[in-house]
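Undergrad: Quick one, input29.csv (CSV, C-alpha atoms and all ligand atoms):
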chain,number,residue,atom,x,y,z
A,1,MET,CA,-127.8,92.1,-66.3
A,2,GLU,CA,-126.1,90.9,-69.5
A,3,GLU,CA,-128.7,88.8,-71.2
A,4,ASN,CA,-128.3,85.7,-73.5
A,5,ALA,CA,-130.3,85.4,-76.6
A,6,ASP,CA,-132.3,82.8,-74.8
A,7,GLY,CA,-132.9,85.0,-71.8
A,8,GLY,CA,-130.4,83.6,-69.5
A,9,ASP,CA,-127.8,85.5,-67.5
A,10,ALA,CA,-124.7,85.6,-69.7
A,11,SER,CA,-122.6,86.6,-66.7
A,12,VAL,CA,-123.1,83.2,-65.2
A,13,VAL,CA,-120.2,80.9,-65.9
A,14,PRO,CA,-121.6,77.8,-67.5
A,15,TYR,CA,-121.5,74.7,-65.3
A,16,GLY,CA,-120.8,77.1,-62.4
A,17,ARG,CA,-122.7,74.7,-60.1
A,18,CYS,CA,-120.0,72.2,-60.6
A,19,ALA,CA,-117.1,74.6,-60.1
A,20,ALA,CA,-116.2,73.4,-56.6
A,21,GLU,CA,-116.2,69.7,-57.6
A,22,LEU,CA,-114.3,70.4,-60.7
A,23,ARG,CA,-111.2,71.2,-58.8
A,24,PRO,CA,-108.7,68.7,-60.2
A,25,THR,CA,-107.5,66.0,-57.8
A,26,GLU,CA,-103.9,66.7,-58.7
A,27,PRO,CA,-102.2,69.9,-59.6
A,28,VAL,CA,-102.6,70.5,-63.3
A,29,ILE,CA,-99.4,71.2,-65.3
A,30,SER,CA,-99.9,74.1,-67.6
A,31,PRO,CA,-99.8,73.0,-71.3
A,32,LEU,CA,-97.4,75.8,-72.0
A,33,GLU,CA,-95.0,74.5,-69.3
A,34,LEU,CA,-95.2,71.1,-70.9
A,35,LEU,CA,-94.6,72.5,-74.4
A,36,ARG,CA,-91.6,74.4,-73.1
A,37,SER,CA,-90.1,71.4,-71.5
A,38,GLU,CA,-87.8,68.9,-73.3
A,39,LYS,CA,-90.4,66.2,-72.9
A,40,VAL,CA,-92.3,64.9,-75.9
A,41,VAL,CA,-95.9,66.0,-75.4
A,42,ARG,CA,-98.7,63.8,-76.7
A,43,ILE,CA,-101.7,65.9,-77.7
A,44,CYS,CA,-105.0,64.7,-78.8
A,45,ALA,CA,-106.1,67.0,-81.7
A,46,PRO,CA,-109.4,68.8,-81.7
A,47,MET,CA,-112.0,66.8,-83.7
A,48,VAL,CA,-115.6,67.8,-84.2
A,49,ARG,CA,-117.9,64.9,-83.1
A,50,TYR,CA,-115.0,62.9,-81.7
A,51,SER,CA,-112.9,64.7,-79.0
A,52,LYS,CA,-115.7,65.2,-76.5
A,53,LEU,CA,-115.3,64.2,-72.9
A,54,PRO,CA,-115.7,60.4,-73.3
A,55,PHE,CA,-113.0,60.3,-76.1
A,56,ARG,CA,-110.7,62.6,-74.1
A,57,ALA,CA,-111.1,60.3,-71.1
A,58,LEU,CA,-110.2,57.4,-73.3
A,59,VAL,CA,-107.0,58.9,-74.8
A,60,ARG,CA,-105.9,60.2,-71.4
A,61,ARG,CA,-105.8,56.5,-70.3
A,62,TYR,CA,-103.3,55.8,-73.0
A,63,GLY,CA,-100.8,58.5,-72.2
A,64,CYS,CA,-102.3,61.6,-73.8
A,65,ASP,CA,-100.7,64.6,-72.1
A,66,VAL,CA,-103.0,67.3,-73.3
A,67,ALA,CA,-106.4,67.1,-75.0
A,68,TYR,CA,-108.4,69.6,-77.0
A,69,THR,CA,-112.2,69.9,-77.1
A,70,PRO,CA,-113.8,69.9,-80.6
A,71,MET,CA,-114.2,73.3,-82.2
A,72,ILE,CA,-117.0,75.2,-80.4
A,73,VAL,CA,-118.6,78.1,-82.3
A,74,SER,CA,-118.1,81.0,-79.9
A,75,ASP,CA,-121.0,83.3,-80.8
A,76,SER,CA,-123.7,80.7,-80.0
A,77,PHE,CA,-121.7,79.6,-76.9
A,78,VAL,CA,-121.7,83.1,-75.6
A,79,GLN,CA,-125.3,83.7,-76.4
A,80,SER,CA,-127.0,80.5,-75.3
A,81,SER,CA,-126.8,78.6,-72.1
A,82,LYS,CA,-128.3,75.6,-73.9
A,83,ALA,CA,-125.4,75.7,-76.4
A,84,ARG,CA,-123.0,75.8,-73.5
A,85,ASP,CA,-124.6,72.8,-71.9
A,86,VAL,CA,-124.5,70.8,-75.2
A,87,GLU,CA,-121.1,71.9,-76.4
A,88,PHE,CA,-118.9,71.8,-73.3
A,89,THR,CA,-118.7,69.0,-70.8
A,90,THR,CA,-115.8,68.3,-68.5
A,91,ASN,CA,-115.0,66.6,-65.3
A,92,TYR,CA,-112.2,66.7,-62.7
A,93,ASP,CA,-109.9,64.4,-64.5
A,94,ASP,CA,-110.2,66.2,-67.8
A,95,ARG,CA,-107.0,68.2,-67.5
A,96,PRO,CA,-104.9,69.7,-69.0
A,97,LEU,CA,-107.6,70.8,-71.3
A,98,ILE,CA,-107.5,73.2,-74.3
A,99,VAL,CA,-110.9,74.5,-75.3
A,100,GLN,CA,-111.0,75.4,-79.0
A,101,PHE,CA,-113.3,78.0,-80.4
A,102,ALA,CA,-114.2,79.1,-83.9
A,103,ALA,CA,-114.7,82.9,-83.9
A,104,THR,CA,-115.1,85.7,-86.3
A,105,ASN,CA,-114.4,88.6,-83.9
A,106,SER,CA,-112.5,89.5,-80.8
A,107,ALA,CA,-115.5,90.1,-78.5
A,108,ASP,CA,-117.0,86.7,-79.0
A,109,PHE,CA,-113.7,84.9,-78.7
A,110,ALA,CA,-112.7,86.8,-75.5
A,111,ARG,CA,-116.1,86.3,-73.9
A,112,ALA,CA,-116.2,82.5,-74.7
A,113,ALA,CA,-112.7,82.2,-73.4
A,114,GLU,CA,-113.7,83.9,-70.2
A,115,LEU,CA,-116.7,81.6,-69.8
A,116,VAL,CA,-114.6,78.4,-69.9
A,117,ALA,CA,-111.6,79.7,-68.2
A,118,PRO,CA,-112.4,78.2,-64.8
A,119,PHE,CA,-112.4,74.7,-66.3
A,120,ALA,CA,-109.7,75.0,-68.9
A,121,ASP,CA,-105.9,75.2,-69.1
A,122,GLY,CA,-105.7,76.9,-72.5
A,123,ILE,CA,-107.8,78.5,-75.2
A,124,ASP,CA,-107.3,77.8,-78.9
A,125,LEU,CA,-108.5,79.8,-81.9
A,126,ASN,CA,-109.4,77.6,-84.9
A,127,CYS,CA,-107.8,79.1,-88.0
A,128,GLY,CA,-107.8,76.0,-90.1
A,129,CYS,CA,-111.3,74.6,-90.5
A,130,PRO,CA,-111.7,74.2,-94.3
A,131,GLN,CA,-115.4,73.5,-94.4
A,132,ARG,CA,-117.5,75.5,-96.8
A,133,TRP,CA,-119.9,76.8,-94.2
A,134,ALA,CA,-116.9,78.0,-92.0
A,135,LEU,CA,-115.2,79.7,-94.9
A,136,ALA,CA,-118.4,81.4,-95.9
A,137,ASP,CA,-119.1,82.7,-92.4
A,138,GLY,CA,-115.6,83.9,-91.8
A,139,TYR,CA,-114.6,81.1,-89.3
A,140,GLY,CA,-111.6,78.7,-89.3
A,141,ALA,CA,-109.4,78.9,-92.4
A,142,ALA,CA,-111.1,82.2,-93.4
A,143,LEU,CA,-108.8,83.7,-90.7
A,144,MET,CA,-105.7,82.6,-92.6
A,145,LYS,CA,-106.1,85.7,-94.7
A,146,LYS,CA,-106.7,88.0,-91.8
A,147,PRO,CA,-103.5,88.1,-89.6
A,148,GLU,CA,-104.5,91.4,-88.0
A,149,LEU,CA,-107.8,90.1,-86.9
A,150,VAL,CA,-106.2,86.9,-85.5
A,151,ALA,CA,-103.7,89.1,-83.6
A,152,ASP,CA,-106.5,91.1,-82.2
A,153,MET,CA,-108.4,88.1,-81.1
A,154,VAL,CA,-105.4,86.5,-79.4
A,155,HIS,CA,-104.7,89.8,-77.7
A,156,GLY,CA,-108.3,90.2,-76.6
A,157,ALA,CA,-108.5,86.7,-75.1
A,158,ARG,CA,-105.2,87.1,-73.4
A,159,THR,CA,-106.3,90.3,-71.6
A,160,ARG,CA,-109.6,88.7,-70.5
A,161,THR,CA,-108.2,85.5,-69.0
A,162,SER,CA,-105.0,84.3,-67.4
A,163,LEU,CA,-104.8,81.3,-69.6
A,164,PRO,CA,-102.4,80.8,-72.5
A,165,VAL,CA,-104.0,81.4,-75.9
A,166,SER,CA,-102.9,79.5,-79.0
A,167,ILE,CA,-103.9,79.2,-82.6
A,168,LYS,CA,-104.2,76.2,-84.9
A,169,ILE,CA,-103.5,77.0,-88.5
A,170,ARG,CA,-103.1,75.3,-91.9
A,171,ILE,CA,-100.4,76.5,-94.3
A,172,HIS,CA,-100.7,79.0,-97.2
A,173,GLY,CA,-99.7,78.2,-100.7
A,174,ASP,CA,-97.2,81.1,-100.2
A,175,LEU,CA,-95.4,80.3,-97.0
A,176,ARG,CA,-94.4,83.9,-96.4
A,177,GLU,CA,-98.1,84.5,-95.5
A,178,THR,CA,-97.9,81.7,-93.0
A,179,VAL,CA,-94.8,83.1,-91.4
A,180,GLU,CA,-96.4,86.6,-91.3
A,181,LEU,CA,-99.6,85.2,-89.6
A,182,CYS,CA,-97.5,83.4,-87.0
A,183,ARG,CA,-95.3,86.3,-86.2
A,184,ARG,CA,-98.2,88.6,-85.8
A,185,ALA,CA,-99.9,86.1,-83.5
A,186,GLU,CA,-96.7,85.7,-81.5
A,187,SER,CA,-96.4,89.5,-81.1
A,188,ALA,CA,-100.0,89.6,-79.8
A,189,GLY,CA,-99.1,87.1,-77.0
A,190,CYS,CA,-99.9,83.7,-78.6
A,191,GLY,CA,-98.6,81.0,-76.4
A,192,TRP,CA,-97.9,78.4,-79.0
A,193,ILE,CA,-98.8,77.7,-82.6
A,194,THR,CA,-100.1,74.4,-84.0
A,195,VAL,CA,-99.4,73.9,-87.7
A,196,HIS,CA,-101.4,71.4,-89.7
A,197,GLY,CA,-99.1,71.0,-92.7
A,198,ARG,CA,-101.7,71.2,-95.4
A,199,THR,CA,-103.3,74.0,-97.2
A,200,THR,CA,-107.0,74.8,-96.9
A,201,LYS,CA,-107.7,72.9,-100.1
A,202,GLN,CA,-105.8,69.8,-99.2
A,203,ARG,CA,-107.4,66.8,-97.6
A,204,ALA,CA,-105.5,63.5,-97.7
A,205,GLU,CA,-102.4,64.8,-99.5
A,206,PRO,CA,-99.1,64.2,-97.6
A,207,CYS,CA,-98.4,66.7,-94.9
A,208,ASN,CA,-95.8,69.4,-95.7
A,209,PHE,CA,-93.3,69.0,-92.9
A,210,ASP,CA,-90.8,71.4,-94.6
A,211,ALA,CA,-93.4,74.1,-94.2
A,212,ILE,CA,-93.8,73.3,-90.5
A,213,LYS,CA,-90.0,73.5,-90.2
A,214,ILE,CA,-90.0,77.0,-91.7
A,215,VAL,CA,-92.6,78.2,-89.2
A,216,LYS,CA,-90.7,76.6,-86.4
A,217,GLU,CA,-87.6,78.5,-87.5
A,218,SER,CA,-89.5,81.8,-87.8
A,219,VAL,CA,-91.0,82.2,-84.3
A,220,ASN,CA,-89.8,81.8,-80.7
A,221,VAL,CA,-93.0,80.3,-79.2
A,222,PRO,CA,-93.4,76.5,-79.2
A,223,VAL,CA,-94.6,75.0,-82.5
A,224,VAL,CA,-96.7,71.9,-82.6
A,225,ALA,CA,-96.6,69.7,-85.7
A,226,ASN,CA,-99.9,68.3,-86.9
A,227,GLY,CA,-100.8,65.9,-89.7
A,228,ASP,CA,-99.8,62.4,-90.7
A,229,ILE,CA,-98.7,61.5,-87.1
A,230,ARG,CA,-100.1,58.1,-86.3
A,231,ASN,CA,-97.7,56.4,-84.0
A,232,GLU,CA,-94.5,56.6,-82.0
A,233,ASP,CA,-92.3,56.1,-85.0
A,234,ASP,CA,-94.0,59.1,-86.7
A,235,ILE,CA,-93.2,61.2,-83.7
A,236,HIS,CA,-89.5,60.7,-84.1
A,237,ARG,CA,-89.7,61.0,-87.9
A,238,VAL,CA,-91.6,64.3,-87.7
A,239,ALA,CA,-89.3,65.6,-85.0
A,240,ASP,CA,-86.2,65.0,-87.1
A,241,MET,CA,-87.8,66.6,-90.1
A,242,THR,CA,-89.2,69.7,-88.5
A,243,GLY,CA,-87.3,70.3,-85.3
A,244,VAL,CA,-90.7,71.0,-83.6
A,245,ASP,CA,-91.1,71.0,-79.9
A,246,VAL,CA,-94.0,68.6,-79.7
A,247,LYS,CA,-96.3,66.5,-81.8
A,248,ILE,CA,-100.0,66.3,-82.1
A,249,PHE,CA,-102.0,63.2,-82.7
A,250,SER,CA,-105.3,63.0,-84.3
A,251,LYS,CA,-108.0,60.6,-85.6
A,252,PHE,CA,-107.5,57.2,-84.0
A,253,SER,CA,-103.9,57.7,-83.2
A,254,SER,CA,-102.7,55.8,-80.3
A,255,VAL,CA,-100.9,56.9,-77.3
A,256,GLN,CA,-98.8,54.5,-75.3
A,257,SER,CA,-99.8,53.9,-71.7
A,258,ASP,CA,-97.3,53.7,-68.9
A,259,GLY,CA,-97.5,49.9,-68.9
A,260,SER,CA,-97.7,47.3,-71.6
A,261,GLU,CA,-101.1,48.3,-72.8
A,262,ARG,CA,-101.2,50.0,-76.1
A,263,CYS,CA,-104.0,51.2,-78.2
A,264,SER,CA,-103.0,50.6,-81.8
A,265,GLY,CA,-105.6,52.9,-83.1
A,266,GLU,CA,-107.1,50.2,-85.2
A,267,PRO,CA,-110.9,50.2,-85.1
A,268,SER,CA,-110.9,46.8,-83.3
A,269,HIS,CA,-108.7,48.3,-80.6
A,270,VAL,CA,-110.8,51.4,-80.4
A,271,LEU,CA,-113.8,49.1,-79.9
A,272,TRP,CA,-111.9,47.4,-77.2
A,273,CYS,CA,-111.0,50.7,-75.6
A,274,LEU,CA,-114.6,51.8,-75.8
A,275,HIS,CA,-115.6,48.7,-74.0
A,276,HIS,CA,-112.8,49.0,-71.5
A,277,SER,CA,-113.6,52.6,-70.8
A,278,SER,CA,-117.3,52.2,-70.4
A,279,GLY,CA,-117.4,49.0,-68.4
A,280,GLY,CA,-117.7,48.3,-64.7
A,281,GLY,CA,-118.4,51.8,-63.6
A,282,ALA,CA,-114.8,52.8,-64.3
A,283,GLY,CA,-113.4,55.4,-66.6
A,284,LEU,CA,-116.2,57.4,-67.9
A,285,ALA,CA,-118.2,56.7,-64.9
A,286,GLY,CA,-116.6,59.6,-63.1
A,287,PRO,CA,-119.3,61.1,-60.9
A,288,LEU,CA,-118.9,64.6,-62.1
A,289,THR,CA,-120.4,65.8,-65.3
A,290,CYS,CA,-121.6,69.2,-66.2
A,291,THR,CA,-124.4,68.2,-68.4
A,292,ARG,CA,-127.7,66.7,-67.8
A,293,THR,CA,-126.6,63.6,-69.6
A,294,ASP,CA,-125.6,60.4,-67.9
A,295,PRO,CA,-121.8,60.2,-68.0
A,296,LEU,CA,-122.0,56.5,-68.6
A,297,HIS,CA,-124.1,56.9,-71.6
A,298,ILE,CA,-122.0,56.5,-74.7
A,299,PRO,CA,-122.8,59.5,-76.9
A,300,PRO,CA,-122.7,59.8,-80.6
A,301,PRO,CA,-119.0,60.5,-81.1
A,302,PRO,CA,-117.7,57.1,-80.1
A,303,HIS,CA,-120.3,55.5,-82.3
A,304,THR,CA,-118.5,56.9,-85.3
A,305,HIS,CA,-115.4,54.9,-84.4
A,306,VAL,CA,-117.0,51.7,-85.4
A,307,GLU,CA,-118.0,53.0,-88.8
A,308,ARG,CA,-115.2,51.2,-90.5
A,309,VAL,CA,-115.7,47.8,-89.0
A,310,HIS,CA,-119.5,47.5,-89.2
A,311,SER,CA,-121.5,46.4,-92.2
A,312,ARG,CA,-124.2,48.8,-93.2
A,313,VAL,CA,-126.8,46.8,-91.4
A,314,GLU,CA,-124.8,46.5,-88.3
A,315,LYS,CA,-124.1,50.2,-88.3
A,316,ARG,CA,-127.8,50.9,-88.5
A,317,VAL,CA,-128.5,48.7,-85.5
A,318,PHE,CA,-125.5,50.1,-83.6
A,319,ASN,CA,-126.6,53.6,-84.1
A,320,THR,CA,-130.0,52.9,-82.5
A,321,LEU,CA,-128.4,51.8,-79.2
A,322,THR,CA,-129.0,54.3,-76.5
A,323,SER,CA,-127.6,52.7,-73.3
A,324,THR,CA,-124.3,51.4,-72.2
A,325,PRO,CA,-125.6,47.9,-71.5
A,326,ALA,CA,-127.0,47.7,-75.0
A,327,VAL,CA,-123.6,48.8,-76.5
A,328,LEU,CA,-121.8,46.3,-74.4
A,329,ASP,CA,-124.2,43.6,-75.4
A,330,PHE,CA,-123.7,44.5,-79.1
A,331,LEU,CA,-119.9,44.3,-78.7
A,332,ARG,CA,-120.1,41.0,-77.0
A,333,THR,CA,-122.4,39.5,-79.6
A,334,HIS,CA,-120.7,40.8,-82.7
A,335,TYR,CA,-117.0,40.9,-81.7
A,336,GLY,CA,-116.8,38.6,-78.7
A,337,ILE,CA,-115.6,41.4,-76.6
A,338,THR,CA,-116.4,40.7,-73.0
A,401,LIG,C1,-113.3,64.1,-87.8
A,401,LIG,C2,-112.4,65.2,-87.7
A,401,LIG,C3,-112.8,66.3,-87.0
A,401,LIG,C4,-111.9,67.4,-86.9
A,401,LIG,N1,-112.3,68.5,-86.2
A,401,LIG,C5,-111.4,69.5,-86.0
A,401,LIG,C6,-111.7,70.6,-85.1
A,401,LIG,O1,-112.8,70.6,-84.5
A,401,LIG,N2,-110.8,71.6,-85.0
A,401,LIG,C7,-109.6,71.5,-85.6
A,401,LIG,O2,-108.8,72.5,-85.5
A,401,LIG,N3,-109.3,70.5,-86.4
A,401,LIG,C8,-110.1,69.5,-86.6
A,401,LIG,N4,-109.8,68.4,-87.4
A,401,LIG,C9,-108.4,68.4,-87.9
A,401,LIG,C10,-107.5,67.7,-87.0
A,401,LIG,O3,-107.4,68.3,-85.7
A,401,LIG,C11,-106.1,67.6,-87.5
A,401,LIG,O4,-105.6,68.9,-87.9
A,401,LIG,C12,-106.0,66.7,-88.8
A,401,LIG,O5,-106.8,65.6,-88.7
A,401,LIG,C13,-104.6,66.4,-89.0
A,401,LIG,O6,-104.4,65.6,-90.1
A,401,LIG,P1,-104.1,64.0,-90.0
A,401,LIG,O7,-105.5,63.4,-90.0
A,401,LIG,O8,-103.3,63.7,-91.2
A,401,LIG,O9,-103.5,63.7,-88.7
A,401,LIG,C14,-110.6,67.4,-87.5
A,401,LIG,C15,-110.2,66.2,-88.2
A,401,LIG,C16,-111.1,65.1,-88.3
A,401,LIG,C17,-110.6,63.9,-89.0
For this file, produce the structure as structure tokens.
Ligand SMILES: Cc1cc2nc3c(=O)[nH]c(=O)nc-3n(C[C@H](O)[C@H](O)[C@H](O)COP(=O)(O)O)c2cc1C
TA:
Amino acid sequence: MEENADGGDASVVPYGRCAAELRPTEPVISPLELLRSEKVVRICAPMVRYSKLPFRALVRRYGCDVAYTPMIVSDSFVQSSKARDVEFTTNYDDRPLIVQFAATNSADFARAAELVAPFADGIDLNCGCPQRWALADGYGAALMKKPELVADMVHGARTRTSLPVSIKIRIHGDLRETVELCRRAESAGCGWITVHGRTTKQRAEPCNFDAIKIVKESVNVPVVANGDIRNEDDIHRVADMTGVDVKIFSKFSSVQSDGSERCSGEPSHVLWCLHHSSGGGAGLAGPLTCTRTDPLHIPPPPHTHVERVHSRVEKRVFNTLTSTPAVLDFLRTHYGIT
């Protein structure tokens, strides 16, 4: 038996007990199919601490076509069933879903991909995380300098699952390196490439859409533009500038629902959405969850959305709340949201 570091059986698919119930209620459209269509595809970007199941459920209500998980570190995911329980939660409505991994080698990435394959519609390799710990350990943007390794990882995961495998990158100072990286990934079977138009060192600087356009013109797979896309107007602006196939939202970006409802992405609206999605047993109350946590419990990620509207004292109080009724009560008292 292949053993985990924590003694569990690594051959057991995480959340396997939920596999039958996790069959989606409707056929899932492959993200690759969506990206190849003429349709504008609204994608919720991977965001550590944010884009977990409750957040994904929320944005899907507002017209999000495809959602990413936050980056999951593949080696601990492969080695520990506890890590799998904590890092990956899903339910039957959580599709199409791209699971993003941070990895430093092909074996971990392929194995992690294999473990989530029954519950996912695509696997993404993070090649853009600029955090110091990630760069030091060879994750994320450290891969920007290793096109051969990236190609090897893409190829490895492709051969171990039937899912499309994509990469999410930043840009290099010298765009020839970016083009080289993308072409190698494409040759290795990469399904699409998401380009965040900033270098590893850049944070809030304006996104370089010319660079994204160059990538788009250099490869044949779909290219997703990422960065500085906040609303519908931005979508059209970025499409005109880059010629990309699709756009990717992030942060509090809104997605328009099929009716008149629209989440502006402003913190107050996010609060409203939070309330809306947690109330009355609807939304997040989906009966299926693959963790031991109560699906109605609002976990830490959404708490972070209120950072900008709380005073420091309110924030401290808010962060001690541990139950849905307590959160709803807080919203009612402080913001009159009922
Ligand atoms: C809080 C936060 C967490 C993020 N976590 C991830 C992540 O896990 N994986 C990833 O590829 N990018 C991550 N990103 C980057 C976003 O996916 C996206 O590339 C970036 O926010 C785009 O720039 P924008 O904010 O101008 O739209 C994160 C961004 C934020 C703000």
Undergrad: Any residue with an atom at most 6 Å from ligand LIG 401 (chain A) counts, using only C-alpha atoms and all ligand atoms. Which are they? Put them as a compact mmCIF listing (two decimals) with C-alpha atoms, in the frame of the given file.
TA:
# COMPACT_ATOMS: atom_id res chain seq x y z
CA ALA A 45 -106.10 67.00 -81.70
CA PRO A 46 -109.40 68.80 -81.70
CA MET A 47 -112.00 66.80 -83.70
CA VAL A 48 -115.60 67.80 -84.20
CA PRO A 70 -113.80 69.90 -80.60
CA MET A 71 -114.20 73.30 -82.20
CA ASN A 126 -109.40 77.60 -84.90
CA GLY A 128 -107.80 76.00 -90.10
CA CYS A 129 -111.30 74.60 -90.50
CA LYS A 168 -104.20 76.20 -84.90
CA HIS A 196 -101.40 71.40 -89.70
CA ASN A 226 -99.90 68.30 -86.90
CA GLY A 227 -100.80 65.90 -89.70
CA ASP A 228 -99.80 62.40 -90.70
CA ILE A 229 -98.70 61.50 -87.10
CA SER A 250 -105.30 63.00 -84.30
CA LYS A 251 -108.00 60.60 -85.60
Undergrad: Can you pull out the residues contacting Arg170 (chain A)? Cut-off 12 Å, using all atoms listed in the file, and skip same-chain residues under 4 positions away; I want them as a PyMOL selection string.
TA: chain A and resi 126-130+140-145+174-175+177-179+181-182+193-203+207-209+211-212+215+224-227
Undergrad: Distance CA of Ala185 (chain A)-CA of Ser74 (chain A), one decimal place?
TA: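 A separation of 19.2 Å between them.
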Undergrad: So how far away is CA of Tyr50 (chain A) from CA of Ala134 (chain A), in Å?
TA: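 Computing it gives 18.4 Å between the two atoms.
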Undergrad: Can you work out the spacing between CA of Arg60 (chain A) and CA of Leu97 (chain A) in Å, to one decimal?
TA: 10.7 Å
Undergrad: Which residue is closest to Ser37 (chain A)? Choose from A:Ala239, A:Phe77, A:Pro222, A:Leu163 and count only C-alpha atoms.
TA: A:Pro222
